[in-house]
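The block underneath contains the structure these notes are about, expressed in structure tokens.
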Amino acid sequence: MMKGSSRVTENIIKTLIWAAALSVLTVLVVIIAYILIRGLPVISWQFLTEIPRNMGRSGGISSTIVGTLMVTLVAIVIATPFGIGTAFYLAEYTRRDSMVTRVIRFSAESLAGIPSIVYGLFGFIFFVKYLGMGWSVLSGGLTLAIMILPTIIRTSEEAILAVPNLYREVSYSLGGTKWQTIVKTVLPSAIRGIANGVILSVGRCVAETAAVVLTAGSALRMTTSLTSPTRTMAVHFYILASEAISFENAYGTAALLIILIFLINVVANTLINRFIAKGR
Amino acid sequence: MKKFNEKLSGRVFFILALSSISMLALITVFIISRGVPLIANVGLKNFFGMTWAPSRGLFGITPMIIGSVSVTLGAAIIGIPIGLCCSIFLAEFAPVRMREIFRPAIQLLAGIPSVVYGFWGLLFVVPFIRNYLGGAGLSILAGSIILGIMILPTIISISEASILAIPKQYLYKEGALALGLTQLQTIRFVLLPAAKSGIVSAVILGIGRAIGETMAVIMVLGNSVALPTSVLDPVRTLTTNIGIEMGYAKDEHQQALFATGIVLFIIIMILNSTAQYLTRRKR
Amino acid sequence: MAGQHKISVRDMNVWFSDKQVIHSLNIDIPSNEIISVLGPANSGITTLLRSLNRLSDLNPAMRVEGEILLDGNNIRDVSVTELRRKVGMVFDVPTPLPISIFDNIAYGPRLSGTKNMKNLTGIVEQSLREAALWDDVKDRLYTPAMSLSGGQQQRLCIARVLALKPEVILLDRPCSGLDPLSTAKIEESLKNLKAQFTIIIAPHNVQQASRVSDHIAFMLMGHLVEHGTAEKILTNPKDQRTNDYLTGRFG
């Protein structure tokens with residue numbers, strides 16, 4: 001393995017590794033540029049504020065923006081307390097290798113791997129049919145809530161475990177109870193990491209299509225209540241594109257989605273970077 | 001009040017945790033209870049048969065299983081080597097500046113809605129295949145390329161983490177100092193074996209991601225239920241079968257889609273459990 | 001008996017998992033004095049201190065047997081939060097919480113229900129003065145405590161304990177990472193505080209013990225070798241091992 005040709009081989013492999021890395025960046029840039037170049041010119045004040053007309057061929061996408069916000073809001077509001085609560089239970093109330101911890105962690109990681117179409121099937125049969133909620137903001141939001149639960153649990157648990165144990169000891173030594181220690185010391189120290197997970201989950205809700213289309217429906221009119229059906233931006237984009245209704249508006253919607261996801265990532269990263277800087 | 005909080009809080013956290021994990025059971029029960037009756041009614045022979053024609057009472061999902069396997073295999077062939085190279089690059093070669101660009105880029109790649117990938121594939125990859133390789137363009141190959149890209153974030157982030165988890169000193173001592181290895185030899189003979197279980201679970205989770213993806217491939221696969229004969233043929237996967245027909249399926253037909261969901265669910269649970277087992281054993 | 005001693009430890013045995021780390025320890029600690037518990041690393045000193053305010057409860061692998069009496073009452077019989085407010089602790093590294101200076105000091109009083117801002121401000125100022133930190137920080141009470149220097153952080157931790165209005169203060173090698181000037185300041189404030197408190201300190205060396213203590217106890221490998229007035233231990237120890245340690249033969 002140390003022969004004369006090995007230098008050449010070594011250089012070839014190094015080049016290949018660099019090439020692989022650069023090609024991934026290139027693909028990302030190509031996809032984003034492709035969508036933005038065609039989509040950005042479509043986005044205007046009218047596009048954002050008008051209701052879709054003629055199945056989305058003309059008009060804007062305002063009702064789908066509202067739909068996205070409402071479904072996401074329901075999902076976050078429901079999933080956050082359950083996710084954070086589970087994370088606190090795992091991190092503060094159980095031993096790391098206990099049976100309970102293992103069962104919870106196995107379930108959370110399994111939930112994380114379930115495909116979104118299966119979540120869609122479940123949401124359809126459970127919320128839409130079994131509980132009789134119909135295609136609605138609520139059905140869609142609840143389905144997404146279960147889908148993002150594992151993300152919130154994992155990121156929150158990591159943030160909680162990253163809080164130095166000394167902080168807990170200080171709080172106890174100052175006469176704090178467990179509850180006071182959690183609320184006044186652990187939670188404030190972990191809050192940025194937890195928020196990071198929640199914000200990333202917002203991104204997943206905004207981007208999700210398969211699970212939402214089966215549970216929230218695809219109604220185009222402006223949503224007025226939690227029990228009425230709605231169409232999210234991702235679903236709208238899918239329908240516009242797959243049924244070839246309007247590629248122009250599809251590009252516009254996709255561009256807006258990408259901008260949203262980008263902003264969400266920026267916010268999440270800022271939080272986590274400050275979190276790390278503060279911890280040092 | 002304080003005592004009350006104290007007693008209550010532990011219980012509240014426990015109840016929250018319990019309800020979170022009971023979702024897995026709920027999902028399992030509801031999907032299975034909706035799908036199993038169909039399999040029982042029409043029999044395993046029909047269900048795992050070669051023909052999917054719900055209007056004629058034929059619910060054979062074998063073409064879809066072949067579709068899922070072939071597209072996933074293609075995605076693995078494209079995604080795994082590139083993903084591994086990227087994680088090695090990030091952990092060992094990348095200049096600091098490059099790393100600072102790369103990590104958020106991978107995160108963005110993971111965040112882009114899958115429908116956007118599908119759309120891009122439809123307008124960019126599919127015509128490319130049609131023009132240069134022949135066929136309709138809507139094909140196993142198109143799906144493999146799109147999925148190959150989509151599983152990159154999963155593979156890169158998990159395998160990079162497992163590479164970075166190896167103590168630097170260990171690499172240095174075992175590789176460069178003790179044996180006089182070059183950087184690449186260190187990577188091949190020391191780093192990769194040490195990170196093996198992490199990398200394997202990254203690959204498994206990436207494959208799980210590919211099998212489970214729906215919206216991206218629905219746009220580029222052509223969705224034909226016929227058996228494919230080459231990578232340029234259209235195909236339908238387990239997921240796209242559900243995605244396409246759920247909108248109008250009724251009664252037995254709908255149950256058959258849930259039964260398709262059961263097969264998907266079982267495959268994913270096996271992959272996940274394997275990945276979890278591997279990472280746990282490492283700890 | 002109970003009136004004379006602030007703390008009495010009777011037949012104390014401590015196990016960590018199945019390893020015994022303190023062996024049948026008996027000691028009486030007088031009020032309003034500074035007692036140093038001296039000894040090489042791993043002698044069980046930290047364990048002893050942490051048992052006195054039941055911080056040892058936090059470690060499920062640790063088992064404490066025997067009686068510890070505070071003013072004649074078994075510390076197992078009072079509520080643990082009340083005990084910890086009476087027996088405050090300063091750790092071996094400065095441990096400001098990642099909140100403001102003011103909030104750090106007010107942490108304890110707030111836990112026990114002091115909400116009134118005027119009262120809190122009073123407690124914070126008084127505690128900071130007693131810990132000789134007031135002049136350093138009075139203009140920046142609302143800046144993060146992490147921004148203070150190491151020595152200031154440790155005095156902040158002392159002030160934070162003083163704000164509990166405790167009866168006993170435990171200090172576990174409180175100056176181990178600090179420069180001589182900061183160490184001198186902390187020792188100075190400890191001497192001023194002993195009129196009000198009983199202070200138990202694990203000093204980081206013999207010199208510090210000789211500078212601050214009224215009493216000295218010497219521990220070795222989980223055993224209390226001997227204890228007595230500082231003068232007696234330092235000049236005329238009974239036990240050869242104490243002598244060896246004081247003269248630098250080991251540790």
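Chain identifiers are assigned as A, B, and so on, following the order in which chains appear in the structure tokens; residues are numbered from 1 within each chain, and ligands are numbered from 1 in order of appearance.
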
Might you pull out every residue within 8 Å of Trp18 of chain A, with only C-alpha atoms counted and same-chain residues fewer than 3 positions away left off, and present them as a list in words?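 My reading of the contact set: Lys14, Thr15, Ala21 and Leu22 of chain A; Cys85, Cys86 and Phe89 of chain B.
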
Quick one: residues within 7 Å of segment 221-236 of chain C, only C-alpha atoms, excluding same-chain residues fewer than 5 positions away - as a ChimeraX atom specification? /C:21-23,25,42-44,210,213-216

Phe47 of chain A environment, 10 Å, only C-alpha atoms, sequence neighbours closer than 6 positions dropped, as an NGL selection string: :A and (58-62 or 249 or 252-253)

Would you put the residues from that selection into a file with C-alpha atoms, as a PDB file, in the first residue's frame?
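To be explicit, this is the file written out as result02.pdb:
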ATOM      1  CA  SER A  58     -54.975  33.390 -11.415  1.00  0.00           C
ATOM      2  CA  GLY A  59     -55.195  35.429  -8.274  1.00  0.00           C
ATOM      3  CA  GLY A  60     -52.865  35.034  -5.322  1.00  0.00           C
ATOM      4  CA  ILE A  61     -52.278  32.487  -2.612  1.00  0.00           C
ATOM      5  CA  SER A  62     -53.446  34.336   0.513  1.00  0.00           C
ATOM      6  CA  ASN A 249     -48.024  30.349  -9.721  1.00  0.00           C
ATOM      7  CA  GLY A 252     -44.155  31.655  -7.051  1.00  0.00           C
ATOM      8  CA  THR A 253     -45.471  29.456  -4.244  1.00  0.00           C
TER       9      THR A 253
END

Could you list, as a PDB file with C-alpha atoms, in the first residue's frame, the residues of chain A having an atom within 7 Å of chain C when counting only C-alpha atoms?
ATOM      1  CA  TYR A 167     -26.524  24.627  38.024  1.00  0.00           C
ATOM      2  CA  SER A 173     -28.145  24.006  47.671  1.00  0.00           C
ATOM      3  CA  LEU A 174     -30.003  27.330  47.815  1.00  0.00           C
ATOM      4  CA  GLY A 175     -33.070  25.522  49.081  1.00  0.00           C
ATOM      5  CA  GLY A 176     -34.737  24.911  45.743  1.00  0.00           C
ATOM      6  CA  THR A 177     -37.129  22.035  45.244  1.00  0.00           C
TER       7      THR A 177
END

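Distance annotation: of A:Ser156, A:Asn269, A:Thr151, A:Ser63, the residue with the minimal separation from chain B is A:Asn269; atom set is only C-alpha atoms.
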
Mind listing as a CSV table (one decimal) with C-alpha atoms, in the first residue's frame which residues of chain A are within 6 Å of chain B, counting only C-alpha atoms?
chain,number,residue,atom,x,y,z
A,17,ILE,CA,-14.0,13.6,-2.1
A,20,ALA,CA,-18.5,15.0,-4.1
A,21,ALA,CA,-18.7,17.8,-1.6
A,82,PHE,CA,-46.0,17.3,25.1
A,85,GLY,CA,-42.7,17.6,29.0
A,86,THR,CA,-41.5,14.2,27.6
A,89,TYR,CA,-39.4,13.5,32.1
A,107,SER,CA,-41.0,5.0,20.7
A,115,PRO,CA,-43.0,8.2,6.7
A,122,PHE,CA,-53.4,7.6,10.4
A,179,TRP,CA,-39.8,21.8,40.5
A,207,ALA,CA,-42.9,21.9,4.1

Could you tell me how far atom CA of Val118 of chain A lies from atom CA of Val198 of chain A, in Å and to one decimal?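 These atoms are spaced 22.2 Å apart.
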
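Counting only C-alpha atoms and comparing B:Thr72, B:Gln254, B:Thr229, B:Thr274, the residue that lies closest to Met150 of chain B is B:Thr72.
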
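Close contacts of Ile7 of chain C, defined as residues with an atom at most 7 Å away when counting only C-alpha atoms, with chain neighbours fewer than 5 positions off set aside, comprise Asp28, Ile29, Leu69, Leu70 and Asp71 of chain C.
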
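For the set C:Trp134, C:Gly113, C:Val212, C:His5, the residue with the smallest atom-to-atom gap to chain B is C:Gly113, counting only C-alpha atoms.
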
Atom CA of Leu179 of chain B and atom CA of Ile166 of chain B, how far apart in Å?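 Computing it gives 18.0 Å between the two atoms.
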
Could you work out how far atom CA of Val78 of chain C lies from atom CA of Lys178 of chain A, giving the answer in Å with one decimal? 16.9 Å

Got a sec to tell me which of segment 144-226 of chain A DSSP assigns to helix (DSSP H, G or I), as a count of residues only? 61

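When only C-alpha atoms are used to compute distances to Lys184 of chain A, the closest of the residues A:Tyr34, A:Tyr238, A:Tyr172, A:Trp45 turns out to be A:Tyr172.
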